[in-house]
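Below is the file input_14.cif, which contains mmCIF, C-alpha atoms.
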```cif
data_query
#
loop_
_atom_site.label_atom_id
_atom_site.label_comp_id
_atom_site.auth_asym_id
_atom_site.auth_seq_id
_atom_site.Cartn_x
_atom_site.Cartn_y
_atom_site.Cartn_z
CA MET A 85 8.20 -16.89 -28.88
CA THR A 86 7.47 -19.46 -26.21
CA SER A 87 10.26 -18.91 -23.69
CA ASN A 88 9.23 -19.20 -20.08
CA LEU A 89 10.76 -17.47 -17.07
CA SER A 90 10.60 -20.49 -14.83
CA SER A 91 11.68 -23.05 -17.42
CA GLU A 92 14.53 -21.20 -19.09
CA THR A 93 15.82 -18.62 -16.64
CA ALA A 94 15.14 -20.19 -13.24
CA ASN A 95 17.46 -19.47 -10.33
CA SER A 96 20.55 -21.54 -10.97
CA HIS A 97 21.55 -21.99 -7.33
CA ALA A 98 19.49 -24.06 -4.93
CA PRO A 99 18.84 -22.56 -1.46
CA GLU A 100 21.24 -25.10 0.01
CA THR A 101 23.97 -23.84 -2.31
CA LEU A 102 23.39 -20.22 -1.30
CA ARG A 103 23.49 -21.26 2.35
CA GLN A 104 26.77 -23.11 1.83
CA ILE A 105 28.33 -20.10 0.08
CA ALA A 106 27.37 -17.86 3.01
CA GLN A 107 28.76 -20.30 5.56
CA ASP A 108 31.99 -20.81 3.60
CA LEU A 109 32.41 -17.08 3.38
CA ILE A 110 31.98 -16.65 7.14
CA GLN A 111 34.35 -19.50 7.97
CA TYR A 112 37.04 -18.02 5.74
CA ALA A 113 36.61 -14.55 7.26
CA MET A 114 36.96 -15.89 10.80
CA LYS A 115 40.10 -17.85 9.84
CA GLN A 116 41.59 -14.68 8.37
CA GLY A 117 41.22 -12.73 11.59
CA ALA A 118 37.69 -11.36 11.76
CA SER A 119 36.20 -11.27 15.25
CA ALA A 120 32.68 -11.33 13.80
CA CYS A 121 31.15 -11.56 10.35
CA ALA A 122 27.81 -11.39 8.51
CA ALA A 123 26.98 -12.27 4.91
CA GLU A 124 24.02 -12.21 2.56
CA VAL A 125 23.88 -14.21 -0.66
CA SER A 126 21.02 -13.63 -3.08
CA GLU A 127 19.81 -14.44 -6.54
CA GLY A 128 16.85 -13.17 -8.53
CA ILE A 129 15.29 -13.48 -11.96
CA GLY A 130 12.70 -11.42 -13.76
CA GLN A 131 10.79 -10.97 -16.98
CA ALA A 132 9.22 -7.69 -18.12
CA VAL A 133 7.10 -7.14 -21.22
CA THR A 134 5.78 -3.77 -22.40
CA VAL A 135 3.24 -3.24 -25.18
CA ARG A 136 2.48 0.21 -26.60
CA GLN A 137 -0.17 0.92 -29.21
CA ASP A 138 -0.70 -2.84 -29.53
CA GLU A 139 2.93 -3.33 -30.55
CA VAL A 140 5.59 -5.05 -28.47
CA GLU A 141 7.94 -2.33 -27.26
CA THR A 142 10.27 -4.22 -24.92
CA ILE A 143 10.92 -7.74 -23.72
CA GLU A 144 13.43 -7.92 -20.90
CA TYR A 145 14.89 -10.76 -18.92
CA ASN A 146 17.13 -10.10 -15.96
CA ARG A 147 19.13 -12.31 -13.68
CA ASP A 148 20.80 -10.77 -10.66
CA LYS A 149 23.02 -12.40 -8.11
CA GLY A 150 25.33 -11.05 -5.49
CA LEU A 151 26.88 -11.49 -2.11
CA GLY A 152 27.73 -8.92 0.48
CA ILE A 153 29.97 -9.36 3.50
CA SER A 154 30.55 -7.26 6.60
CA VAL A 155 33.51 -8.15 8.80
CA PHE A 156 34.46 -6.80 12.19
CA ILE A 157 37.87 -6.60 13.77
CA GLY A 158 36.86 -5.59 17.24
CA LYS A 159 34.85 -2.42 16.68
CA GLN A 160 36.26 -1.75 13.24
CA ARG A 161 34.05 -2.65 10.30
CA GLY A 162 34.69 -3.33 6.64
CA SER A 163 32.31 -4.34 3.86
CA ALA A 164 32.64 -5.68 0.33
CA SER A 165 30.41 -7.22 -2.32
CA THR A 166 30.63 -9.13 -5.57
CA SER A 167 28.41 -10.79 -8.14
CA ASP A 168 30.97 -13.55 -8.73
CA PHE A 169 30.28 -16.73 -6.75
CA SER A 170 33.56 -18.43 -7.59
CA PRO A 171 35.66 -19.50 -4.58
CA GLN A 172 38.46 -17.10 -5.52
CA ALA A 173 36.10 -14.14 -5.86
CA ILE A 174 34.57 -14.94 -2.47
CA ARG A 175 37.99 -15.04 -0.83
CA ASP A 176 39.01 -11.83 -2.56
CA SER A 177 35.86 -10.10 -1.27
CA VAL A 178 36.55 -11.22 2.29
CA ASP A 179 40.14 -10.08 2.05
CA ALA A 180 39.01 -6.69 0.74
CA ALA A 181 36.53 -6.28 3.57
CA LEU A 182 39.15 -7.19 6.16
CA ASN A 183 41.60 -4.72 4.66
CA ILE A 184 38.98 -1.96 4.83
CA ALA A 185 38.22 -2.83 8.46
CA ARG A 186 41.88 -2.57 9.45
CA PHE A 187 42.02 1.01 8.19
CA THR A 188 38.61 2.07 9.53
CA ALA A 189 38.20 4.02 12.76
CA SER A 190 36.83 2.11 15.71
CA ASP A 191 33.11 2.67 16.34
CA ALA A 192 31.65 1.66 19.69
CA CYS A 193 28.34 0.73 18.04
CA ALA A 194 29.80 -1.47 15.31
CA GLY A 195 28.94 -5.14 15.65
CA LEU A 196 26.35 -7.87 15.27
CA PRO A 197 23.02 -7.97 17.11
CA GLN A 198 22.81 -9.59 20.52
CA GLN A 199 22.40 -13.31 20.02
CA GLU A 200 19.22 -13.58 22.07
CA MET A 201 17.52 -11.19 19.62
CA LEU A 202 18.07 -13.42 16.60
CA ALA A 203 15.15 -15.31 15.10
CA THR A 204 14.92 -19.01 15.92
CA GLU A 205 11.59 -19.82 14.27
CA PHE A 206 10.86 -19.44 10.58
CA PRO A 207 7.13 -19.79 9.81
CA ASP A 208 6.01 -20.18 6.22
CA LEU A 209 4.45 -16.82 5.29
CA ASP A 210 3.39 -17.99 1.82
CA LEU A 211 5.61 -15.51 -0.04
CA TYR A 212 6.62 -17.66 -3.00
CA HIS A 213 4.24 -18.06 -5.93
CA PRO A 214 6.05 -18.52 -9.27
CA TRP A 215 4.07 -17.25 -12.24
CA LEU A 216 4.60 -19.68 -15.11
CA LEU A 217 4.03 -17.05 -17.76
CA ASP A 218 5.69 -17.52 -21.12
CA VAL A 219 6.51 -14.38 -23.05
CA ASP A 220 3.71 -14.82 -25.59
CA SER A 221 1.16 -14.99 -22.77
CA ALA A 222 2.72 -11.94 -21.11
CA ILE A 223 2.43 -9.99 -24.38
CA GLU A 224 -1.19 -11.03 -24.75
CA LEU A 225 -1.92 -9.96 -21.16
CA ALA A 226 -0.32 -6.54 -21.72
CA ARG A 227 -2.29 -6.13 -24.96
CA ARG A 228 -5.55 -6.94 -23.21
CA CYS A 229 -4.74 -4.38 -20.54
CA GLU A 230 -4.04 -1.61 -23.04
CA GLN A 231 -6.99 -2.56 -25.25
CA SER A 232 -9.27 -2.40 -22.23
CA ALA A 233 -8.12 1.17 -21.60
CA PHE A 234 -8.83 2.22 -25.20
CA ALA A 235 -12.20 0.48 -25.16
CA THR A 236 -13.30 2.17 -21.94
CA ASP A 237 -13.52 5.68 -23.38
CA LYS A 238 -13.09 7.02 -26.92
CA ARG A 239 -11.23 10.03 -25.54
CA ILE A 240 -8.25 7.78 -24.81
CA ASN A 241 -6.13 8.39 -27.91
CA ASN A 242 -2.59 7.46 -26.97
CA SER A 243 -0.67 5.21 -24.67
CA GLU A 244 2.56 5.15 -22.73
CA GLY A 245 2.24 1.39 -22.60
CA ALA A 246 1.02 -1.55 -20.56
CA SER A 247 3.52 -3.76 -18.76
CA VAL A 248 3.55 -7.19 -17.18
CA ASN A 249 6.36 -7.97 -14.73
CA VAL A 250 7.29 -11.31 -13.21
CA HIS A 251 9.97 -11.62 -10.54
CA GLU A 252 11.24 -14.24 -8.13
CA SER A 253 14.24 -14.29 -5.83
CA ASN A 254 15.94 -16.21 -3.06
CA PHE A 255 18.42 -15.19 -0.39
CA ILE A 256 20.32 -16.43 2.64
CA TYR A 257 21.56 -14.24 5.49
CA ALA A 258 24.04 -15.73 7.93
CA ASN A 259 26.41 -14.51 10.61
CA SER A 260 29.17 -15.78 12.87
CA LEU A 261 26.76 -16.12 15.80
CA GLY A 262 25.37 -19.22 14.10
CA PHE A 263 22.32 -17.61 12.53
CA ALA A 264 21.36 -18.68 9.01
CA GLY A 265 18.00 -17.98 7.44
CA GLY A 266 16.41 -17.16 4.14
CA PHE A 267 13.42 -17.80 1.95
CA PRO A 268 12.26 -17.47 -1.66
CA THR A 269 9.86 -14.70 -2.66
CA THR A 270 7.92 -13.61 -5.71
CA ARG A 271 6.50 -10.25 -6.75
CA HIS A 272 4.42 -9.68 -9.88
CA SER A 273 2.64 -6.69 -11.38
CA ILE A 274 0.49 -5.37 -14.21
CA SER A 275 0.52 -1.63 -14.99
CA CYS A 276 -0.82 0.74 -17.62
CA SER A 277 -0.50 4.43 -18.52
CA VAL A 278 -2.59 6.18 -21.18
CA ILE A 279 -3.23 9.66 -22.57
CA ALA A 280 -6.45 11.53 -23.40
CA GLY A 281 -7.06 14.87 -25.10
CA LYS A 282 -5.03 16.84 -27.62
CA GLY A 283 -2.43 19.59 -27.67
CA GLY A 284 -2.09 21.55 -24.44
CA ALA A 285 -5.20 19.89 -23.04
CA MET A 286 -3.71 16.38 -22.89
CA GLN A 287 -3.85 14.44 -19.65
CA ARG A 288 -2.29 11.16 -18.55
CA ASP A 289 -2.75 8.82 -15.64
CA TYR A 290 -1.88 5.26 -14.69
CA TRP A 291 -2.87 2.34 -12.52
CA TYR A 292 -1.25 -0.89 -11.45
CA SER A 293 -1.76 -4.04 -9.43
CA GLU A 294 0.96 -6.05 -7.69
CA ALA A 295 1.06 -9.09 -5.44
CA ARG A 296 3.14 -12.04 -4.34
CA ASP A 297 0.64 -14.31 -6.10
CA ALA A 298 -0.55 -13.37 -9.60
CA ALA A 299 -3.96 -14.78 -8.71
CA ASP A 300 -4.38 -11.97 -6.17
CA MET A 301 -3.88 -9.16 -8.69
CA LEU A 302 -6.58 -7.28 -10.54
CA SER A 303 -7.28 -8.60 -14.01
CA ALA A 304 -5.49 -6.98 -16.94
CA GLU A 305 -8.84 -5.64 -18.15
CA ALA A 306 -9.59 -4.07 -14.75
CA VAL A 307 -6.21 -2.34 -14.64
CA GLY A 308 -6.79 -0.92 -18.14
CA ARG A 309 -10.32 0.22 -17.32
CA ILE A 310 -9.27 1.98 -14.10
CA THR A 311 -6.37 3.64 -15.93
CA ALA A 312 -8.72 5.02 -18.58
CA GLU A 313 -11.28 6.23 -16.04
CA ARG A 314 -8.60 8.00 -14.04
CA THR A 315 -7.22 9.65 -17.18
CA VAL A 316 -10.40 11.01 -18.76
CA ARG A 317 -11.67 12.43 -15.49
CA ARG A 318 -8.68 14.83 -15.56
CA LEU A 319 -9.69 16.44 -18.87
CA LYS A 320 -10.61 20.15 -18.90
CA ALA A 321 -8.66 20.84 -15.72
CA ARG A 322 -8.88 24.33 -14.24
CA LYS A 323 -6.74 26.42 -11.92
CA LEU A 324 -7.72 27.52 -8.43
CA ALA A 325 -7.37 30.76 -6.53
CA THR A 326 -5.11 30.74 -3.46
CA MET A 327 -7.00 29.69 -0.33
CA GLN A 328 -6.96 27.59 2.83
CA VAL A 329 -9.25 24.56 2.63
CA PRO A 330 -9.49 20.92 3.76
CA VAL A 331 -7.40 18.55 1.65
CA LEU A 332 -8.15 14.90 0.95
CA PHE A 333 -5.15 12.80 -0.11
CA GLU A 334 -6.29 9.88 -2.26
CA ALA A 335 -5.09 6.50 -0.98
CA PRO A 336 -2.32 5.98 -3.62
CA ILE A 337 -0.53 9.12 -2.44
CA ALA A 338 -1.63 9.12 1.20
CA ALA A 339 0.96 6.40 1.73
CA GLY A 340 3.60 9.05 0.99
CA LEU A 341 2.51 11.02 4.07
CA ILE A 342 3.07 7.90 6.14
CA GLY A 343 6.42 7.38 4.44
CA SER A 344 7.58 10.78 5.69
CA PHE A 345 6.56 9.76 9.20
CA VAL A 346 8.52 6.51 8.90
CA ASN A 347 11.64 8.38 7.84
CA ALA A 348 11.26 10.79 10.74
CA VAL A 349 11.11 8.04 13.38
CA SER A 350 13.76 5.77 11.85
CA GLY A 351 17.03 5.34 13.68
CA SER A 352 19.39 6.98 11.20
CA SER A 353 17.33 10.20 11.13
CA LEU A 354 17.03 10.25 14.91
CA TYR A 355 20.64 9.75 15.89
CA ARG A 356 21.77 12.21 13.23
CA LYS A 357 19.18 14.67 14.59
CA SER A 358 17.82 15.20 11.09
CA SER A 359 14.18 14.54 11.99
CA PHE A 360 11.24 16.82 12.66
CA LEU A 361 10.04 14.29 15.25
CA LEU A 362 13.05 14.25 17.58
CA ASP A 363 12.37 13.25 21.20
CA GLN A 364 8.68 12.60 20.57
CA LEU A 365 8.46 9.07 21.98
CA GLY A 366 5.40 8.92 24.22
CA GLN A 367 4.08 12.20 22.83
CA PRO A 368 1.07 12.83 20.57
CA VAL A 369 2.29 13.26 17.00
CA PHE A 370 -0.98 12.47 15.19
CA SER A 371 -4.60 13.24 15.90
CA ALA A 372 -6.13 10.93 18.50
CA ASN A 373 -7.94 8.80 15.89
CA ILE A 374 -4.72 7.50 14.29
CA HIS A 375 -3.48 3.99 15.01
CA ILE A 376 -0.48 2.50 13.15
CA GLU A 377 0.95 -1.01 13.46
CA ASP A 378 4.01 -2.75 12.04
CA VAL A 379 2.94 -6.29 11.17
CA PRO A 380 5.62 -8.68 9.85
CA ASP A 381 3.64 -11.92 9.63
CA ILE A 382 0.87 -11.23 7.11
CA ARG A 383 0.59 -14.17 4.73
CA LYS A 384 1.54 -13.10 1.21
CA GLY A 385 2.45 -9.65 2.60
CA LEU A 386 4.68 -7.54 0.37
CA ALA A 387 6.91 -6.73 3.36
CA SER A 388 6.50 -9.85 5.51
CA GLY A 389 9.40 -11.72 7.08
CA ALA A 390 10.33 -13.64 10.22
CA PHE A 391 13.57 -11.67 10.63
CA ASP A 392 15.06 -8.38 9.51
CA GLY A 393 18.19 -7.65 7.49
CA GLU A 394 20.39 -8.57 10.46
CA GLY A 395 18.61 -11.76 11.49
CA VAL A 396 16.79 -10.08 14.37
CA LYS A 397 13.36 -11.56 15.08
CA THR A 398 10.57 -9.36 13.81
CA GLN A 399 7.64 -8.50 16.03
CA HIS A 400 4.13 -7.18 15.74
CA ARG A 401 4.36 -3.68 17.18
CA THR A 402 2.04 -0.76 17.78
CA ILE A 403 3.84 2.32 16.49
CA VAL A 404 1.13 4.91 17.07
CA GLU A 405 -1.80 4.46 19.45
CA ASN A 406 -4.49 7.11 19.78
CA GLY A 407 -2.10 9.49 18.06
CA VAL A 408 0.74 8.88 20.53
CA LEU A 409 4.13 7.68 19.26
CA GLN A 410 4.89 4.32 20.89
CA GLY A 411 8.01 3.18 19.06
CA TYR A 412 10.79 3.85 16.56
CA PHE A 413 12.18 1.81 13.67
CA LEU A 414 15.67 0.74 14.72
CA ALA A 415 18.45 -1.49 13.46
CA THR A 416 21.28 -2.66 15.70
CA TYR A 417 23.61 0.25 14.93
CA SER A 418 21.05 3.04 15.22
CA ALA A 419 19.63 1.47 18.39
CA CYS A 420 23.09 1.49 19.94
CA LYS A 421 23.60 5.14 18.97
CA LEU A 422 20.34 6.00 20.74
CA GLY A 423 21.00 3.81 23.78
CA MET A 424 18.13 1.50 22.84
CA ARG A 425 17.58 -1.99 21.42
CA SER A 426 16.93 -3.05 17.84
CA THR A 427 13.25 -3.21 16.94
CA GLY A 428 13.87 -5.71 14.13
CA ASN A 429 13.70 -3.07 11.41
CA ALA A 430 17.09 -3.34 9.73
CA GLY A 431 16.08 -2.86 6.10
CA GLY A 432 12.96 -0.83 6.88
CA THR A 433 9.40 -1.37 8.05
CA HIS A 434 7.37 -4.50 7.55
CA ASN A 435 3.70 -4.28 6.60
CA LEU A 436 2.86 -0.88 8.06
CA ILE A 437 -0.89 -0.66 8.55
CA VAL A 438 -2.75 2.57 9.20
CA LYS A 439 -6.01 1.55 10.85
CA PRO A 440 -8.89 2.52 8.56
CA GLY A 441 -11.87 4.49 9.78
CA GLU A 442 -15.52 3.83 9.06
CA LEU A 443 -15.91 6.09 6.01
CA ASP A 444 -15.42 4.97 2.44
CA PHE A 445 -14.10 7.33 -0.23
CA LYS A 446 -17.51 8.86 -0.95
CA GLY A 447 -18.03 9.30 2.78
CA LEU A 448 -14.75 11.20 3.04
CA LEU A 449 -15.86 13.54 0.25
CA LYS A 450 -19.12 14.16 2.09
CA LYS A 451 -17.29 14.88 5.33
CA MET A 452 -14.92 17.30 3.60
CA ASN A 453 -17.89 19.01 1.93
CA ARG A 454 -15.77 21.71 0.28
CA GLY A 455 -12.09 21.42 -0.49
CA LEU A 456 -9.38 19.83 -2.59
CA LEU A 457 -9.01 16.17 -3.51
CA VAL A 458 -5.35 15.50 -4.37
CA THR A 459 -4.66 12.62 -6.76
CA GLU A 460 -1.16 13.49 -7.95
CA LEU A 461 1.89 15.09 -6.33
CA LEU A 462 4.84 16.65 -8.14
CA GLY A 463 8.33 17.45 -6.90
CA SER A 464 9.95 16.53 -3.60
CA GLY A 465 9.34 19.54 -1.39
CA VAL A 466 9.52 17.89 2.04
CA ASN A 467 12.05 19.16 4.59
CA ALA A 468 12.94 16.16 6.76
CA VAL A 469 14.44 18.36 9.48
CA THR A 470 11.67 20.94 9.91
CA GLY A 471 8.68 19.05 8.51
CA ASP A 472 7.88 21.87 6.08
CA TYR A 473 5.80 20.48 3.23
CA SER A 474 5.27 22.07 -0.20
CA ARG A 475 4.36 20.00 -3.24
CA GLY A 476 3.01 20.65 -6.69
CA ALA A 477 -0.35 18.92 -7.04
CA ALA A 478 -3.27 18.05 -9.27
CA GLY A 479 -6.67 16.67 -8.40
CA PHE A 480 -10.29 17.78 -8.14
CA TRP A 481 -12.30 20.55 -6.59
CA VAL A 482 -15.10 19.35 -4.30
CA GLU A 483 -18.29 21.20 -3.39
CA HIS A 484 -21.19 19.88 -1.30
CA GLY A 485 -19.36 16.57 -0.94
CA GLU A 486 -19.24 15.96 -4.70
CA ILE A 487 -16.39 16.20 -7.21
CA GLN A 488 -17.03 19.26 -9.43
CA TYR A 489 -14.09 19.51 -11.85
CA PRO A 490 -10.39 18.63 -12.22
CA VAL A 491 -7.71 21.10 -11.17
CA GLU A 492 -4.01 21.42 -11.95
CA GLU A 493 -0.98 23.71 -11.58
CA ILE A 494 -1.49 24.22 -7.86
CA THR A 495 0.75 23.88 -4.82
CA ILE A 496 -0.26 22.57 -1.43
CA ALA A 497 1.72 23.61 1.64
CA GLY A 498 1.87 23.06 5.38
CA ASN A 499 4.01 21.45 8.04
CA LEU A 500 3.86 17.73 8.61
CA LYS A 501 3.73 18.13 12.39
CA ASP A 502 0.55 20.19 12.02
CA MET A 503 -0.83 18.08 9.20
CA TYR A 504 -0.53 14.85 11.21
CA LYS A 505 -2.28 16.38 14.21
CA HIS A 506 -5.13 17.63 12.06
CA ILE A 507 -6.03 14.40 10.28
CA LEU A 508 -9.80 14.22 10.50
CA GLU A 509 -10.31 10.76 9.00
CA VAL A 510 -8.57 7.81 7.38
CA GLY A 511 -10.77 6.07 4.83
CA ASN A 512 -11.49 2.37 4.57
CA ASP A 513 -10.51 2.47 0.87
CA VAL A 514 -7.23 0.79 1.80
CA LEU A 515 -4.59 0.43 -0.91
CA VAL A 516 -1.58 -1.83 -0.40
CA SER A 517 1.44 0.06 -1.72
CA GLY A 518 4.60 -1.90 -1.02
CA ALA A 519 5.18 -1.94 2.73
CA HIS A 520 2.37 0.54 3.46
CA GLN A 521 -1.35 -0.15 3.76
CA CYS A 522 -3.35 3.03 4.01
CA GLY A 523 -6.68 4.53 2.98
CA SER A 524 -7.30 8.09 1.83
CA ILE A 525 -6.40 10.74 4.42
CA LEU A 526 -8.47 13.86 5.10
CA ILE A 527 -6.59 16.82 6.61
CA GLU A 528 -8.55 19.62 8.21
CA ASN A 529 -6.84 22.59 6.60
CA MET A 530 -3.92 23.37 4.26
CA MET A 531 -2.74 26.25 2.12
CA VAL A 532 -3.56 25.78 -1.56
CA ALA A 533 -1.65 28.17 -3.79
CA GLY A 534 -3.12 28.73 -7.24
CA GLN A 535 -3.29 31.60 -9.69
#
```

Now that the file is in, can you turn its structure into structure tokens?
Amino acid sequence: MTSNLSSETANSHAPETLRQIAQDLIQYAMKQGASACAAEVSEGIGQAVTVRQDEVETIEYNRDKGLGISVFIGKQRGSASTSDFSPQAIRDSVDAALNIARFTASDACAGLPQQEMLATEFPDLDLYHPWLLDVDSAIELARRCEQSAFATDKRINNSEGASVNVHESNFIYANSLGFAGGFPTTRHSISCSVIAGKGGAMQRDYWYSEARDAADMLSAEAVGRITAERTVRRLKARKLATMQVPVLFEAPIAAGLIGSFVNAVSGSSLYRKSSFLLDQLGQPVFSANIHIEDVPDIRKGLASGAFDGEGVKTQHRTIVENGVLQGYFLATYSACKLGMRSTGNAGGTHNLIVKPGELDFKGLLKKMNRGLLVTELLGSGVNAVTGDYSRGAAGFWVEHGEIQYPVEEITIAGNLKDMYKHILEVGNDVLVSGAHQCGSILIENMMVAGQ
């Protein structure tokens, strides 16, 4: 096998072709009676290889393409999509969207962004780095990753597999205000999951590395080694008694705490009044040592972009300063519903950075002294309306600032409003997880329910 993602399955439409499709679509919609229109045309390709127990388990290629159109007849909106780029399919999609709009109730907030908010400059953020990896090389890389895990510790006796993923895509967004912009991106990853122990004492864990540029990822051997180390340290896990103690969320899952905050201060949650942080703008919602920024222009950033999903110019914003909420995440529609302006967050946050403190991971353990280190969460027990938080968990018991033994079958509980205000420290062990960049988070006190 010598096939190559870039040589055999490359995107078949040049950016200029995607741009022309979007513009043709908009022109047709306007001729058919739309008062405004927006369209996105995209194409992506990927290759995924998984090796398990040194044998090739899966080889997958995927090619996705699609276009979506939103048309407005006054304040009535209709949308349609298709994966067929033929002229007839495009016209049919526009006609379908227009027909939907005609039978949709008028909405005062329906419409395109204000023209002065649209991006006019498109800096190169270095987001496109094709990985010329043929399938044989991908298999070899996955094997090296898994073999590294087995070689790290003899207690590793099984595997859920090691995977190598390569992906690249391109898109164009355009609207009837004259905006047209897009750019190619890549996103690659190496991951591994292994098992240690036997019978009821088995444990598993995983690790991964992802980046726009494959050269920025951890080596396959490093991913395998970290996976093995994380797995064997969970062997001989114990249960805990019920108690209230400090809780340290390891960086890979600390980002989830920030994700709950993002949801709570995003436009759709706010105007629907389904957020535990309603009407908190300008109020302290975190402890005074927390600073969070939304940064759209990081080179090679996993969530970087000069404009959002509506063409609105992105901006570097301080979201939380000294614990005080300074801004929301708003698209055009949600901003209108709240009587505000878009913040350039249609499609979500950009690179959301929680400012790290001075302590590394070992320093956080020392500061906690006695408590629970959480390395895995189970279930989805977060109430977005009240902030009540209850999750199954596993991790490690800490005494005198040192990890003593692994623990499992416990539940941690609290309320996010209280948890945020009682964050003692954010570590400098920053992990980039998609759009979020966050270190481990130490919370002063939570309920830990055990046996």

Considering all atoms listed in the file, give me a table of residues in segment 304-336 of chain A that are at most 12 Å from segment 445-448 of chain A, with the closest atom pair and distance in Å for each, as CSV.
```
residue,atom,partner,partner_atom,distance
A:Pro330,CA,A:Leu448,CA,11.1
A:Val331,CA,A:Leu448,CA,10.5
A:Leu332,CA,A:Leu448,CA,7.8
A:Phe333,CA,A:Leu448,CA,10.2
A:Glu334,CA,A:Phe445,CA,8.5
A:Ala335,CA,A:Phe445,CA,9.1
```

Note to self: Take the PyMOL selection byres ((chain A and resi 366-372) around 7), run it mentally on this structure, and tell me the resulting residues as a PyMOL selection string.
What the structure shows: chain A and resi 364-365+373-374+406-410+501+504-507

Selected residues written out, C-alpha atoms, as a PDB file, keeping the file's coordinate frame:
```
ATOM      1  CA  GLN A 364       8.680  12.600  20.570  1.00  0.00           C
ATOM      2  CA  LEU A 365       8.460   9.070  21.980  1.00  0.00           C
ATOM      3  CA  ASN A 373      -7.940   8.800  15.890  1.00  0.00           C
ATOM      4  CA  ILE A 374      -4.720   7.500  14.290  1.00  0.00           C
ATOM      5  CA  ASN A 406      -4.490   7.110  19.780  1.00  0.00           C
ATOM      6  CA  GLY A 407      -2.100   9.490  18.060  1.00  0.00           C
ATOM      7  CA  VAL A 408       0.740   8.880  20.530  1.00  0.00           C
ATOM      8  CA  LEU A 409       4.130   7.680  19.260  1.00  0.00           C
ATOM      9  CA  GLN A 410       4.890   4.320  20.890  1.00  0.00           C
ATOM     10  CA  LYS A 501       3.730  18.130  12.390  1.00  0.00           C
ATOM     11  CA  TYR A 504      -0.530  14.850  11.210  1.00  0.00           C
ATOM     12  CA  LYS A 505      -2.280  16.380  14.210  1.00  0.00           C
ATOM     13  CA  HIS A 506      -5.130  17.630  12.060  1.00  0.00           C
ATOM     14  CA  ILE A 507      -6.030  14.400  10.280  1.00  0.00           C
TER      15      ILE A 507
END
```

Apply the PyMOL selection byres ((chain A and resi 328) around 9) to the structure shown and report the selected residues as a PDB file with C-alpha atoms, in the frame of the given file.
```pdb
ATOM      1  CA  THR A 326      -5.110  30.740  -3.460  1.00  0.00           C
ATOM      2  CA  MET A 327      -7.000  29.690  -0.330  1.00  0.00           C
ATOM      3  CA  VAL A 329      -9.250  24.560   2.630  1.00  0.00           C
ATOM      4  CA  PRO A 330      -9.490  20.920   3.760  1.00  0.00           C
ATOM      5  CA  GLY A 455     -12.090  21.420  -0.490  1.00  0.00           C
ATOM      6  CA  ASN A 529      -6.840  22.590   6.600  1.00  0.00           C
ATOM      7  CA  MET A 530      -3.920  23.370   4.260  1.00  0.00           C
ATOM      8  CA  MET A 531      -2.740  26.250   2.120  1.00  0.00           C
ATOM      9  CA  VAL A 532      -3.560  25.780  -1.560  1.00  0.00           C
ATOM     10  CA  ALA A 533      -1.650  28.170  -3.790  1.00  0.00           C
TER      11      ALA A 533
END
```

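Non-sequential neighbours of segment 181-189 of chain A (distance at most 6 Å, separation of 3 or more positions within a chain, only C-alpha atoms) are A:Gln160, A:Arg161, A:Gly162, A:Ser163, A:Ala164, A:Val178.
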
Check: Could you write out as a ChimeraX atom specification the residues that the PyMOL selection byres ((chain A and resi 198-214) around 8) matches in the shown file?
Finding: /A:90,196-197,215-216,252,261,263,265,268-270,296-298,381-385,388-391,395-398

Item checked: Nearest-residue call for Ala226 of chain A, choices A:Gln521, A:Ser275, A:Thr433, A:Ser253, using only C-alpha atoms ->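 Answer, going by the shortest atom-to-atom distance: A:Ser275.
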